[in-house]
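> Input file: model_38.pdb. Contents: PDB, N, CA and C atoms.
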ATOM      1  N   MET A   5     -13.201 -93.703  28.596
ATOM      2  CA  MET A   5     -12.109 -92.821  28.269
ATOM      3  C   MET A   5     -12.624 -91.706  27.362
ATOM      4  N   THR A   6     -12.395 -90.443  27.737
ATOM      5  CA  THR A   6     -12.847 -89.314  26.940
ATOM      6  C   THR A   6     -11.662 -88.635  26.284
ATOM      7  N   THR A   7     -11.922 -88.040  25.135
ATOM      8  CA  THR A   7     -10.902 -87.268  24.448
ATOM      9  C   THR A   7     -11.302 -85.808  24.490
ATOM     10  N   ASP A   8     -10.428 -84.949  24.004
ATOM     11  CA  ASP A   8     -10.727 -83.517  24.008
ATOM     12  C   ASP A   8     -11.912 -83.166  23.117
ATOM     13  N   ASN A   9     -12.199 -84.000  22.119
ATOM     14  CA  ASN A   9     -13.290 -83.725  21.194
ATOM     15  C   ASN A   9     -14.656 -84.120  21.750
ATOM     16  N   GLU A  10     -14.689 -84.913  22.807
ATOM     17  CA  GLU A  10     -15.948 -85.357  23.383
ATOM     18  C   GLU A  10     -16.454 -84.348  24.403
ATOM     19  N   ALA A  11     -17.738 -84.030  24.308
ATOM     20  CA  ALA A  11     -18.336 -83.105  25.260
ATOM     21  C   ALA A  11     -18.533 -83.820  26.590
ATOM     22  N   ARG A  12     -18.288 -83.091  27.680
ATOM     23  CA  ARG A  12     -18.542 -83.638  29.003
ATOM     24  C   ARG A  12     -19.825 -83.004  29.504
ATOM     25  N   PHE A  13     -20.766 -83.847  29.881
ATOM     26  CA  PHE A  13     -22.061 -83.367  30.355
ATOM     27  C   PHE A  13     -22.113 -83.411  31.870
ATOM     28  N   VAL A  14     -22.766 -82.415  32.444
ATOM     29  CA  VAL A  14     -22.909 -82.336  33.893
ATOM     30  C   VAL A  14     -24.383 -82.161  34.242
ATOM     31  N   THR A  15     -24.716 -82.466  35.470
ATOM     32  CA  THR A  15     -26.096 -82.358  35.938
ATOM     33  C   THR A  15     -26.407 -80.930  36.397
ATOM     34  N   VAL A  16     -27.669 -80.669  36.587
ATOM     35  CA  VAL A  16     -28.098 -79.369  37.101
ATOM     36  C   VAL A  16     -27.481 -79.123  38.476
ATOM     37  N   ALA A  17     -27.447 -80.144  39.314
ATOM     38  CA  ALA A  17     -26.867 -79.988  40.655
ATOM     39  C   ALA A  17     -25.386 -79.632  40.580
ATOM     40  N   GLU A  18     -24.655 -80.239  39.638
ATOM     41  CA  GLU A  18     -23.234 -79.925  39.487
ATOM     42  C   GLU A  18     -23.032 -78.492  39.004
ATOM     43  N   VAL A  19     -23.898 -78.041  38.107
ATOM     44  CA  VAL A  19     -23.819 -76.659  37.627
ATOM     45  C   VAL A  19     -24.129 -75.697  38.769
ATOM     46  N   ALA A  20     -25.164 -75.997  39.536
ATOM     47  CA  ALA A  20     -25.538 -75.138  40.664
ATOM     48  C   ALA A  20     -24.388 -75.029  41.657
ATOM     49  N   ASP A  21     -23.729 -76.137  41.927
ATOM     50  CA  ASP A  21     -22.599 -76.133  42.847
ATOM     51  C   ASP A  21     -21.462 -75.283  42.295
ATOM     52  N   ARG A  22     -21.197 -75.445  41.014
ATOM     53  CA  ARG A  22     -20.097 -74.700  40.382
ATOM     54  C   ARG A  22     -20.367 -73.198  40.355
ATOM     55  N   LEU A  23     -21.624 -72.822  40.091
ATOM     56  CA  LEU A  23     -21.982 -71.407  40.031
ATOM     57  C   LEU A  23     -22.335 -70.836  41.402
ATOM     58  N   ARG A  24     -22.431 -71.710  42.381
ATOM     59  CA  ARG A  24     -22.814 -71.336  43.752
ATOM     60  C   ARG A  24     -24.191 -70.657  43.783
ATOM     61  N   VAL A  25     -25.134 -71.318  43.091
ATOM     62  CA  VAL A  25     -26.527 -70.875  43.104
ATOM     63  C   VAL A  25     -27.392 -72.098  43.390
ATOM     64  N   SER A  26     -28.686 -71.889  43.528
ATOM     65  CA  SER A  26     -29.581 -73.020  43.776
ATOM     66  C   SER A  26     -29.874 -73.750  42.463
ATOM     67  N   THR A  27     -30.336 -74.982  42.588
ATOM     68  CA  THR A  27     -30.713 -75.734  41.396
ATOM     69  C   THR A  27     -31.880 -75.048  40.689
ATOM     70  N   MET A  28     -32.769 -74.416  41.450
ATOM     71  CA  MET A  28     -33.902 -73.706  40.851
ATOM     72  C   MET A  28     -33.409 -72.570  39.960
ATOM     73  N   THR A  29     -32.352 -71.888  40.351
ATOM     74  CA  THR A  29     -31.778 -70.829  39.520
ATOM     75  C   THR A  29     -31.269 -71.399  38.204
ATOM     76  N   VAL A  30     -30.635 -72.559  38.244
ATOM     77  CA  VAL A  30     -30.146 -73.196  37.022
ATOM     78  C   VAL A  30     -31.323 -73.561  36.129
ATOM     79  N   TYR A  31     -32.385 -74.129  36.714
ATOM     80  CA  TYR A  31     -33.578 -74.454  35.924
ATOM     81  C   TYR A  31     -34.161 -73.194  35.276
ATOM     82  N   ARG A  32     -34.167 -72.088  35.991
ATOM     83  CA  ARG A  32     -34.681 -70.830  35.441
ATOM     84  C   ARG A  32     -33.819 -70.353  34.270
ATOM     85  N   LEU A  33     -32.498 -70.484  34.404
ATOM     86  CA  LEU A  33     -31.593 -70.096  33.321
ATOM     87  C   LEU A  33     -31.821 -70.968  32.088
ATOM     88  N   ILE A  34     -32.092 -72.245  32.306
ATOM     89  CA  ILE A  34     -32.379 -73.157  31.200
ATOM     90  C   ILE A  34     -33.687 -72.748  30.530
ATOM     91  N   GLN A  35     -34.739 -72.521  31.325
ATOM     92  CA  GLN A  35     -36.053 -72.157  30.777
ATOM     93  C   GLN A  35     -36.005 -70.827  30.030
ATOM     94  N   ALA A  36     -35.156 -69.897  30.494
ATOM     95  CA  ALA A  36     -35.028 -68.589  29.854
ATOM     96  C   ALA A  36     -34.201 -68.662  28.574
ATOM     97  N   GLY A  37     -33.528 -69.788  28.359
ATOM     98  CA  GLY A  37     -32.697 -69.934  27.172
ATOM     99  C   GLY A  37     -31.284 -69.421  27.360
ATOM    100  N   ASP A  38     -30.936 -69.031  28.574
ATOM    101  CA  ASP A  38     -29.588 -68.528  28.843
ATOM    102  C   ASP A  38     -28.558 -69.644  28.913
ATOM    103  N   LEU A  39     -28.977 -70.819  29.339
ATOM    104  CA  LEU A  39     -28.093 -71.986  29.416
ATOM    105  C   LEU A  39     -28.686 -73.097  28.557
ATOM    106  N   PRO A  40     -27.998 -73.482  27.492
ATOM    107  CA  PRO A  40     -28.510 -74.595  26.685
ATOM    108  C   PRO A  40     -28.381 -75.911  27.445
ATOM    109  N   ALA A  41     -29.399 -76.748  27.327
ATOM    110  CA  ALA A  41     -29.388 -78.028  28.024
ATOM    111  C   ALA A  41     -30.115 -79.073  27.200
ATOM    112  N   ALA A  42     -29.707 -80.312  27.394
ATOM    113  CA  ALA A  42     -30.374 -81.440  26.747
ATOM    114  C   ALA A  42     -31.213 -82.149  27.795
ATOM    115  N   ARG A  43     -32.438 -82.444  27.434
ATOM    116  CA  ARG A  43     -33.295 -83.170  28.364
ATOM    117  C   ARG A  43     -33.126 -84.662  28.109
ATOM    118  N   ILE A  44     -32.714 -85.376  29.125
ATOM    119  CA  ILE A  44     -32.532 -86.818  29.056
ATOM    120  C   ILE A  44     -33.504 -87.427  30.060
ATOM    121  N   GLY A  45     -34.551 -88.050  29.546
ATOM    122  CA  GLY A  45     -35.581 -88.558  30.451
ATOM    123  C   GLY A  45     -36.248 -87.397  31.161
ATOM    124  N   LYS A  46     -36.213 -87.430  32.477
ATOM    125  CA  LYS A  46     -36.819 -86.359  33.267
ATOM    126  C   LYS A  46     -35.800 -85.339  33.760
ATOM    127  N   SER A  47     -34.538 -85.518  33.418
ATOM    128  CA  SER A  47     -33.511 -84.607  33.913
ATOM    129  C   SER A  47     -32.802 -83.897  32.764
ATOM    130  N   TYR A  48     -32.088 -82.846  33.103
ATOM    131  CA  TYR A  48     -31.330 -82.070  32.135
ATOM    132  C   TYR A  48     -29.845 -82.370  32.285
ATOM    133  N   ARG A  49     -29.136 -82.265  31.161
ATOM    134  CA  ARG A  49     -27.674 -82.347  31.157
ATOM    135  C   ARG A  49     -27.166 -81.138  30.387
ATOM    136  N   LEU A  50     -26.073 -80.575  30.893
ATOM    137  CA  LEU A  50     -25.487 -79.390  30.272
ATOM    138  C   LEU A  50     -24.041 -79.675  29.917
ATOM    139  N   ARG A  51     -23.589 -79.116  28.796
ATOM    140  CA  ARG A  51     -22.195 -79.282  28.405
ATOM    141  C   ARG A  51     -21.339 -78.286  29.172
ATOM    142  N   GLU A  52     -20.185 -78.740  29.623
ATOM    143  CA  GLU A  52     -19.284 -77.865  30.365
ATOM    144  C   GLU A  52     -18.881 -76.658  29.534
ATOM    145  N   GLU A  53     -18.688 -76.855  28.234
ATOM    146  CA  GLU A  53     -18.279 -75.737  27.377
ATOM    147  C   GLU A  53     -19.363 -74.664  27.320
ATOM    148  N   ASP A  54     -20.641 -75.054  27.403
ATOM    149  CA  ASP A  54     -21.724 -74.070  27.420
ATOM    150  C   ASP A  54     -21.735 -73.286  28.730
ATOM    151  N   ILE A  55     -21.397 -73.956  29.817
ATOM    152  CA  ILE A  55     -21.322 -73.271  31.115
ATOM    153  C   ILE A  55     -20.179 -72.267  31.097
ATOM    154  N   ASP A  56     -19.030 -72.683  30.559
ATOM    155  CA  ASP A  56     -17.878 -71.777  30.458
ATOM    156  C   ASP A  56     -18.219 -70.569  29.588
ATOM    157  N   ARG A  57     -18.902 -70.800  28.475
ATOM    158  CA  ARG A  57     -19.292 -69.720  27.572
ATOM    159  C   ARG A  57     -20.253 -68.762  28.274
ATOM    160  N   PHE A  58     -21.197 -69.316  29.039
ATOM    161  CA  PHE A  58     -22.151 -68.502  29.800
ATOM    162  C   PHE A  58     -21.412 -67.600  30.788
ATOM    163  N   LEU A  59     -20.465 -68.172  31.514
ATOM    164  CA  LEU A  59     -19.712 -67.398  32.489
ATOM    165  C   LEU A  59     -18.849 -66.327  31.827
ATOM    166  N   GLN A  60     -18.217 -66.659  30.725
ATOM    167  CA  GLN A  60     -17.388 -65.685  30.017
ATOM    168  C   GLN A  60     -18.223 -64.508  29.538
ATOM    169  N   ALA A  61     -19.395 -64.786  29.005
ATOM    170  CA  ALA A  61     -20.261 -63.714  28.513
ATOM    171  C   ALA A  61     -20.680 -62.793  29.650
ATOM    172  N   ARG A  62     -20.999 -63.361  30.797
ATOM    173  CA  ARG A  62     -21.407 -62.537  31.941
ATOM    174  C   ARG A  62     -20.232 -61.759  32.511
ATOM    175  N   PHE A  63     -19.059 -62.333  32.487
ATOM    176  CA  PHE A  63     -17.859 -61.666  33.005
ATOM    177  C   PHE A  63     -17.568 -60.416  32.171
ATOM    178  N   HIS A  64     -17.682 -60.536  30.865
ATOM    179  CA  HIS A  64     -17.395 -59.408  29.987
ATOM    180  C   HIS A  64     -18.457 -58.321  30.097
ATOM    181  N   GLU A  65     -19.708 -58.728  30.313
ATOM    182  CA  GLU A  65     -20.773 -57.750  30.474
ATOM    183  C   GLU A  65     -20.583 -56.937  31.738
ATOM    184  N   ALA A  66     -20.142 -57.586  32.796
ATOM    185  CA  ALA A  66     -19.997 -56.916  34.080
ATOM    186  C   ALA A  66     -18.731 -56.067  34.122
ATOM    187  N   GLY A  67     -17.712 -56.463  33.377
ATOM    188  CA  GLY A  67     -16.407 -55.779  33.417
ATOM    189  C   GLY A  67     -16.432 -54.535  32.629
TER     190      GLY A  67
END
What is this structure when it is put down as structure tokens?

Amino acid sequence: MTTDNEARFVTVAEVADRLRVSTMTVYRLIQAGDLPAARIGKSYRLREEDIDRFLQARFHEAG
């Protein structure tokens, strides 16, 4: 059971699907520092709030 205060983490594949880009693009964004991610073992996890913040920043830049 999660509450509003708990961060929800998603996989690189889930982020790629949501952004409609390849997983390699997500990895590049992580390596460039554009998307913060936590490395868990051999995989990355990203917070949904960081993805939303990333999208909002790009939306305002383009608008």
> One decimal, Å: what's the distance from CA of Gln35 in chain A over to atom N of Asn9 in chain A, could you say?
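Going from CA of Gln35 in chain A over to atom N of Asn9 in chain A covers 28.0 Å.
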> Considering only C-alpha atoms, can you say which of A:Val25, A:Ala11, A:Val30, A:Leu39 comes closest to Arg57 in chain A?
A:Leu39
> List every residue of chain A that DSSP, applied to the backbone, labels as strand (DSSP E or B), and write the result as an MDAnalysis selection string.
chainID A and resid 13:15 42:44 47:51
> Could you state the separation of CA of Val14 in chain A and atom N of Glu53 in chain A in Å, given to one decimal place?
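Separation of CA of Val14 in chain A and atom N of Glu53 in chain A: 8.9 Å.
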> Mind listing as a list in words all residues within 10 Å of (-17.6, -81.9, 33.2), counting only C-alpha atoms?
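Applying the cut-off with only C-alpha atoms, one gets Ala11, Arg12, Phe13, Val14, Thr15, Glu18, Val19, Leu50, Arg51, Glu52, Glu53 and Ile55 of chain A.
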> Suppose you want the space between CA of Asp54 in chain A and CA of Pro40 in chain A; what is it in Å?
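Here the two named atoms are 6.8 Å from each other.
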> Run DSSP on the backbone and grab whatever in chain A lands in helix (DSSP H, G or I); send it over as a VMD selection string.
chain A and resid 16 to 23 27 to 36 52 to 66
> Would you pick out the contacts of Tyr31 in chain A at 10 Å or less, using only C-alpha atoms, so that residues sharing its chain but fewer than 6 positions from it are not included, and give the list as a list in words?
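Once the adjacent positions are removed, what remains is Val16, Ala17, Ala20, Gly37, Leu39, Ala41 and Tyr48 of chain A.
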> Compare A:Phe58, A:Glu10, A:Phe63, A:Asp21 by their minimum atom-to-atom distance to Asp38 in chain A, counting only N, CA and C atoms, and give me the closest one.
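Closest candidate: A:Phe58.
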> So, with only C-alpha atoms as the atoms that count, which of A:Ala42, A:Asp56, A:Arg49, A:Ala36 lies closest to Leu23 in chain A?
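The closest residue to Leu23 in chain A is A:Asp56.
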